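Here is the file protein_5.txt (compact mmCIF, C-alpha atoms).
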```
# COMPACT_ATOMS: atom_id res chain seq x y z
CA MET A 1 -8.11 172.01 -20.73
CA HIS A 2 -9.21 172.57 -24.34
CA GLN A 3 -5.87 171.14 -25.46
CA ASN A 4 -6.49 168.00 -23.36
CA ILE A 5 -9.93 167.58 -24.91
CA ARG A 6 -8.46 167.96 -28.38
CA ASN A 7 -5.82 165.36 -27.54
CA LEU A 8 -8.44 162.94 -26.25
CA THR A 9 -10.54 163.48 -29.33
CA ALA A 10 -7.58 162.80 -31.59
CA GLN A 11 -6.74 159.66 -29.64
CA SER A 12 -10.33 158.46 -29.84
CA LEU A 13 -10.46 159.04 -33.58
CA SER A 14 -7.19 157.16 -33.98
CA ILE A 15 -8.57 154.20 -32.04
CA ILE A 16 -11.75 154.18 -34.12
CA TYR A 17 -9.72 154.42 -37.33
CA ILE A 18 -7.52 151.47 -36.34
CA ALA A 19 -10.58 149.44 -35.35
CA LEU A 20 -12.18 150.09 -38.73
CA ILE A 21 -9.04 148.93 -40.49
CA LEU A 22 -8.93 145.74 -38.44
CA ILE A 23 -12.58 145.02 -39.18
CA SER A 24 -11.93 145.44 -42.88
CA VAL A 25 -8.98 143.03 -42.99
CA LEU A 26 -9.96 140.39 -40.44
CA PRO A 27 -12.17 137.50 -41.57
CA ALA A 28 -15.79 137.29 -40.50
CA SER A 29 -16.61 135.20 -37.47
CA ALA A 30 -15.88 131.55 -38.17
CA GLU A 31 -18.80 129.15 -38.41
CA GLU A 32 -19.27 127.25 -35.17
CA SER A 33 -19.49 123.47 -35.15
CA VAL A 34 -23.09 122.26 -35.06
CA ARG A 35 -22.08 118.84 -33.68
CA PRO A 36 -18.69 118.97 -31.94
CA GLY A 37 -16.99 115.59 -31.75
CA ILE A 38 -19.45 113.69 -33.93
CA ASN A 39 -16.62 112.36 -36.12
CA THR A 40 -14.16 111.46 -33.39
CA TYR A 41 -14.65 107.73 -33.80
CA TYR A 42 -13.63 107.92 -37.46
CA GLN A 43 -10.14 109.21 -36.65
CA ASN A 44 -8.69 105.71 -36.29
CA PRO A 45 -11.48 103.28 -37.19
CA ASP A 46 -11.30 99.52 -37.59
CA PHE A 47 -12.17 99.15 -41.26
CA LYS A 48 -13.63 95.64 -41.06
CA THR A 49 -15.91 96.60 -38.20
CA TRP A 50 -17.33 99.56 -40.09
CA GLN A 51 -17.57 97.60 -43.31
CA ARG A 52 -19.78 95.05 -41.58
CA ARG A 53 -21.91 97.89 -40.26
CA PHE A 54 -22.17 99.82 -43.51
CA GLU A 55 -22.37 96.91 -45.93
CA SER A 56 -24.74 94.41 -44.39
CA PRO A 57 -28.25 93.33 -45.42
CA GLY A 58 -30.85 95.28 -43.50
CA ARG A 59 -29.21 98.66 -43.98
CA GLU A 60 -31.53 100.33 -46.43
CA VAL A 61 -28.95 102.15 -48.55
CA TYR A 62 -26.92 98.93 -48.82
CA ASP A 63 -29.94 96.89 -49.90
CA MET A 64 -30.90 99.57 -52.45
CA ALA A 65 -27.43 100.69 -53.52
CA ASP A 66 -27.70 99.57 -57.14
CA GLU A 67 -31.16 101.09 -57.55
CA ILE A 68 -29.92 104.38 -56.06
CA VAL A 69 -27.02 104.58 -58.53
CA ASP A 70 -29.34 103.72 -61.44
CA ALA A 71 -31.71 106.54 -60.42
CA LEU A 72 -28.92 109.12 -60.67
CA ASN A 73 -28.44 108.63 -64.40
CA VAL A 74 -24.68 108.24 -64.11
CA LYS A 75 -23.01 108.34 -67.53
CA PRO A 76 -19.50 107.41 -68.71
CA GLY A 77 -17.11 110.34 -68.56
CA MET A 78 -18.69 112.01 -65.54
CA HIS A 79 -16.63 113.21 -62.60
CA ILE A 80 -18.26 112.23 -59.29
CA ALA A 81 -17.38 112.96 -55.67
CA ASP A 82 -18.54 110.36 -53.16
CA ILE A 83 -18.44 112.58 -50.07
CA GLY A 84 -18.29 110.59 -46.85
CA ALA A 85 -17.29 107.56 -48.88
CA GLY A 86 -16.92 105.40 -45.77
CA THR A 87 -16.04 101.85 -46.78
CA GLY A 88 -16.54 102.45 -50.51
CA LEU A 89 -20.06 101.10 -50.96
CA PHE A 90 -20.96 103.71 -53.58
CA THR A 91 -17.44 104.57 -54.75
CA ARG A 92 -17.05 101.10 -56.23
CA ARG A 93 -20.46 101.24 -57.89
CA PHE A 94 -19.86 104.66 -59.40
CA ALA A 95 -16.45 103.60 -60.74
CA SER A 96 -17.93 100.45 -62.28
CA LYS A 97 -20.90 102.35 -63.73
CA LEU A 98 -18.52 104.77 -65.43
CA ASN A 99 -16.80 101.75 -67.01
CA ASN A 100 -13.34 103.04 -66.09
CA THR A 101 -13.99 106.42 -67.75
CA GLY A 102 -14.33 109.77 -66.02
CA GLN A 103 -13.27 110.07 -62.41
CA VAL A 104 -14.60 109.10 -59.01
CA TYR A 105 -13.26 110.91 -55.97
CA ALA A 106 -13.61 108.95 -52.74
CA VAL A 107 -13.75 111.74 -50.16
CA ASP A 108 -13.63 111.01 -46.44
CA ILE A 109 -12.11 112.49 -43.29
CA SER A 110 -10.72 109.04 -42.38
CA LYS A 111 -7.39 108.15 -43.94
CA VAL A 112 -8.02 104.53 -42.93
CA PHE A 113 -11.20 104.44 -44.99
CA ILE A 114 -9.55 106.03 -48.00
CA ASN A 115 -6.54 103.71 -47.94
CA ASN A 116 -8.80 100.66 -47.81
CA ILE A 117 -11.04 101.95 -50.61
CA LEU A 118 -8.03 102.47 -52.85
CA GLN A 119 -6.88 98.94 -52.09
CA GLN A 120 -10.33 97.58 -52.94
CA VAL A 121 -10.63 99.34 -56.28
CA LYS A 122 -7.11 98.32 -57.25
CA GLN A 123 -7.95 94.68 -56.59
CA ALA A 124 -11.15 95.09 -58.60
CA GLY A 125 -9.26 96.54 -61.56
CA LEU A 126 -10.97 99.92 -61.30
CA LYS A 127 -8.58 102.66 -62.41
CA ASN A 128 -10.76 105.76 -62.23
CA VAL A 129 -10.79 106.35 -58.45
CA LYS A 130 -8.79 108.90 -56.51
CA GLY A 131 -8.80 109.14 -52.72
CA ILE A 132 -9.13 112.46 -50.90
CA VAL A 133 -8.70 112.77 -47.14
CA ASN A 134 -10.70 115.94 -46.59
CA THR A 135 -11.13 118.31 -43.66
CA ASP A 136 -14.26 119.08 -41.68
CA LYS A 137 -14.71 122.31 -43.65
CA SER A 138 -13.73 121.38 -47.19
CA ILE A 139 -13.87 118.47 -49.60
CA LEU A 140 -10.48 119.62 -50.97
CA LEU A 141 -11.37 119.35 -54.65
CA GLU A 142 -10.48 121.86 -57.33
CA SER A 143 -13.00 124.38 -58.61
CA ASN A 144 -15.31 123.21 -61.39
CA SER A 145 -13.98 119.66 -61.20
CA ILE A 146 -17.08 117.50 -60.65
CA ASP A 147 -20.49 116.93 -62.23
CA LEU A 148 -22.08 115.19 -59.26
CA ALA A 149 -21.58 115.50 -55.51
CA PHE A 150 -23.03 112.49 -53.71
CA VAL A 151 -23.59 112.68 -49.94
CA CYS A 152 -25.10 109.52 -48.44
CA ASP A 153 -25.88 109.34 -44.70
CA THR A 154 -23.15 111.93 -44.22
CA TYR A 155 -24.83 115.34 -44.15
CA HIS A 156 -25.67 114.87 -40.48
CA HIS A 157 -21.93 114.38 -39.90
CA PHE A 158 -21.08 117.81 -41.31
CA GLU A 159 -19.80 119.79 -38.34
CA TYR A 160 -19.68 122.92 -40.47
CA PRO A 161 -22.49 122.53 -43.02
CA SER A 162 -22.23 126.07 -44.40
CA ALA A 163 -18.51 125.72 -45.10
CA MET A 164 -18.93 122.26 -46.59
CA LEU A 165 -21.75 123.35 -48.88
CA LYS A 166 -19.66 126.29 -50.04
CA SER A 167 -16.79 123.92 -50.81
CA ILE A 168 -19.09 121.53 -52.67
CA SER A 169 -20.61 124.35 -54.70
CA LYS A 170 -17.16 125.63 -55.65
CA SER A 171 -16.12 122.17 -56.87
CA LEU A 172 -19.26 121.55 -58.90
CA ARG A 173 -19.33 122.53 -62.55
CA LYS A 174 -22.09 124.71 -63.97
CA ASN A 175 -25.47 123.02 -63.43
CA GLY A 176 -23.76 120.24 -61.45
CA LEU A 177 -25.89 118.14 -59.13
CA LEU A 178 -25.80 117.62 -55.38
CA VAL A 179 -27.53 114.47 -54.11
CA ILE A 180 -28.34 114.21 -50.42
CA ILE A 181 -29.42 110.93 -48.85
CA ASP A 182 -30.04 110.97 -45.13
CA PHE A 183 -32.22 109.54 -42.41
CA ARG A 184 -35.81 110.63 -42.03
CA LYS A 185 -36.13 112.28 -38.63
CA VAL A 186 -39.80 112.22 -37.70
CA HIS A 187 -41.11 112.33 -34.14
CA GLY A 188 -43.13 109.24 -33.32
CA THR A 189 -41.85 107.38 -36.39
CA SER A 190 -38.06 107.38 -36.49
CA SER A 191 -35.97 105.22 -34.19
CA GLN A 192 -34.58 106.53 -30.94
CA TRP A 193 -31.09 106.30 -32.44
CA VAL A 194 -32.03 108.50 -35.38
CA MET A 195 -33.75 111.05 -33.15
CA GLY A 196 -30.65 111.35 -30.99
CA HIS A 197 -27.96 111.02 -33.65
CA VAL A 198 -29.29 112.96 -36.64
CA ARG A 199 -29.11 116.74 -36.22
CA ALA A 200 -31.69 117.99 -38.69
CA ASN A 201 -34.84 116.71 -40.33
CA ARG A 202 -35.48 116.71 -44.07
CA ASN A 203 -37.09 120.16 -44.20
CA THR A 204 -34.22 121.76 -42.28
CA VAL A 205 -31.64 120.12 -44.54
CA LYS A 206 -33.52 121.28 -47.64
CA ALA A 207 -33.68 124.84 -46.32
CA GLU A 208 -29.97 124.89 -45.45
CA ILE A 209 -28.97 123.70 -48.91
CA GLN A 210 -31.25 126.17 -50.65
CA GLN A 211 -29.85 128.93 -48.44
CA ALA A 212 -26.40 127.92 -49.69
CA GLY A 213 -27.50 128.74 -53.24
CA PHE A 214 -28.64 125.39 -54.59
CA ARG A 215 -31.91 124.87 -56.45
CA PHE A 216 -34.12 121.97 -55.39
CA LEU A 217 -34.89 119.75 -58.38
CA ARG A 218 -36.66 116.64 -57.19
CA GLU A 219 -37.01 113.92 -54.59
CA GLU A 220 -36.60 110.25 -55.42
CA ASP A 221 -39.29 108.18 -53.72
CA MET A 222 -37.68 104.76 -53.34
CA LEU A 223 -36.56 104.60 -49.71
CA GLN A 224 -38.46 104.32 -46.44
CA GLU A 225 -35.93 105.09 -43.72
CA ASN A 226 -34.03 107.63 -45.79
CA TYR A 227 -34.92 110.41 -48.21
CA ILE A 228 -33.15 111.30 -51.47
CA MET A 229 -33.09 114.94 -52.52
CA VAL A 230 -31.47 116.23 -55.71
CA PHE A 231 -30.26 119.83 -55.99
CA GLN A 232 -28.57 121.78 -58.77
CA LYS A 233 -25.81 124.34 -58.54
CA GLN A 234 -26.98 127.80 -59.59
CA GLY A 235 -25.00 130.58 -61.13
CA LYS A 236 -21.68 130.46 -62.94
CA GLY A 237 -19.54 127.37 -63.11
```

Show how you would write the structure in this file as structure tokens.
Amino acid sequence: MHQNIRNLTAQSLSIIYIALILISVLPASAEESVRPGINTYYQNPDFKTWQRRFESPGREVYDMADEIVDALNVKPGMHIADIGAGTGLFTRRFASKLNNTGQVYAVDISKVFINNILQQVKQAGLKNVKGIVNTDKSILLESNSIDLAFVCDTYHHFEYPSAMLKSISKSLRKNGLLVIIDFRKVHGTSSQWVMGHVRANRNTVKAEIQQAGFRFLREEDMLQENYIMVFQKQGKG
């Protein structure tokens, strides 16, 4: 009987030992999607349809696009990632502002969008744009490769915000900036569409980004339907 107990004890210890090894080598639980399926309709979009939607008078960020770019103090030689580039509204403006110096990365999960943006900038004679078809967890840029990460009306489309913020932080150079523009979600004020479509309000977004290790710098007060928050990467480049 004592021998059986000793055998059981040895078996139990072996099982525990193996479990500890597995825990040490297996990755931590993957981040769960906060909005499953929110980007499905971008998998094979009709570019012209979305261009009319994104680049039409009445859309606040379209009407104020030039003023927004001016407020970011973009300088020749900078490397900028336009994350969620869509139909290229800001990609083209950044590339022109840089006067064909530096680099603009048009980053989007839609290959259709990226292909059309590259065609646009080629026709416009802009030679400092590269297209990146990213994943829902990474912007797929090299470490320390950008000075500014620009995210306009796209944060609420991040299915995995923690993973995306980690990827953005990795790609930013030391003291690089992250600019978030998104819809104001305020009960009793915002539209029904915003209340149903946008996951998080401004305060939640700010808290998530600070939790990811970014320092809040300032808020630009020029929009009504959207907010503009500027953050800075902390720590080593």

Inset, instruction - Compare A:Gln210, A:Thr91, A:Asn73, A:Ser167 by their minimum atom-to-atom distance to Leu140 (chain A), counting all atoms listed in the file, and give me the closest one. - result: A:Ser167

List every residue of region 49-154 of chain A that has an atom at most 10 Å from any atom of region 183-200 of chain A, giving for each one its closest atom pair and the distance in Å to one decimal, counting only C-alpha atoms, sorted by chain and then by ascending residue number, as a tab-separated table.
```
residue	atom	partner	partner_atom	distance
A:Cys152	CA	A:Phe183	CA	9.3
A:Asp153	CA	A:Phe183	CA	6.7
A:Thr154	CA	A:Phe183	CA	9.6
```

May I have the selected residues written with C-alpha atoms, as an mmCIF file, keeping the file's coordinate frame?
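Generated file (selection-v5.cif):
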```cif
data_model
loop_
_atom_site.group_PDB
_atom_site.id
_atom_site.type_symbol
_atom_site.label_atom_id
_atom_site.label_comp_id
_atom_site.auth_asym_id
_atom_site.auth_seq_id
_atom_site.Cartn_x
_atom_site.Cartn_y
_atom_site.Cartn_z
ATOM 1 C CA CYS A 152 -25.100 109.520 -48.440
ATOM 2 C CA ASP A 153 -25.880 109.340 -44.700
ATOM 3 C CA THR A 154 -23.150 111.930 -44.220
#
```

Legend entry - Spatial neighbours of Ser96 (chain A), 8 Å, only C-alpha atoms, chain gap at least 4 places, as a ChimeraX atom specification: /A:92,100,126

Legend entry - Nearby residues (only C-alpha atoms) at most 9 Å from Leu141 (chain A), same-chain spacing under 3 positions excluded, as number ranges by chain: A: 81, 105, 132, 134, 138, 144-146, 167-168, 170-171

Take the residues from that selection and put them in a file with C-alpha atoms, as a JSON list (two decimals), in the frame of the given file.
```
[["chain", "number", "residue", "atom", "x", "y", "z"],
["A", 81, "ALA", "CA", -17.38, 112.96, -55.67],
["A", 105, "TYR", "CA", -13.26, 110.91, -55.97],
["A", 132, "ILE", "CA", -9.13, 112.46, -50.90],
["A", 134, "ASN", "CA", -10.70, 115.94, -46.59],
["A", 138, "SER", "CA", -13.73, 121.38, -47.19],
["A", 144, "ASN", "CA", -15.31, 123.21, -61.39],
["A", 145, "SER", "CA", -13.98, 119.66, -61.20],
["A", 146, "ILE", "CA", -17.08, 117.50, -60.65],
["A", 167, "SER", "CA", -16.79, 123.92, -50.81],
["A", 168, "ILE", "CA", -19.09, 121.53, -52.67],
["A", 170, "LYS", "CA", -17.16, 125.63, -55.65],
["A", 171, "SER", "CA", -16.12, 122.17, -56.87]]
```

Inset, instruction - Between A:Asp182, A:Ile83, A:Ile114, A:Val74, single out the one closest to Asn99 (chain A), counting only C-alpha atoms. - result: A:Val74

Legend entry - Selection: 12 Å around Val112 (chain A), all atoms listed in the file, excl. self and same-chain fewer than 3 positions, as JSON, numbers by chain: {"A": [41, 42, 43, 44, 45, 46, 47, 48, 50, 51, 85, 86, 87, 88, 107, 108, 109, 115, 116, 117, 118, 119, 131, 132, 133]}

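Comparing the minimum interatomic distances between Asp66 (chain A) and each of A:Arg53, A:Lys137, A:Arg93, A:His79, counting only C-alpha atoms, we find that A:Arg93 sits nearest.
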
Legend entry - Spatial neighbours of Leu178 (chain A), max dist 8 Å, all atoms listed in the file, sep filter under 4 positions, as a ChimeraX atom specification: /A:148-151,230-233

Inset, instruction - Find, counting all atoms listed in the file, the residue in A:Ala212, A:Ala106, A:Val129, A:Val121 that gets nearest to Leu165 (chain A). - result: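 Checking each candidate against Leu165 (chain A), we get A:Ala212 as the closest.
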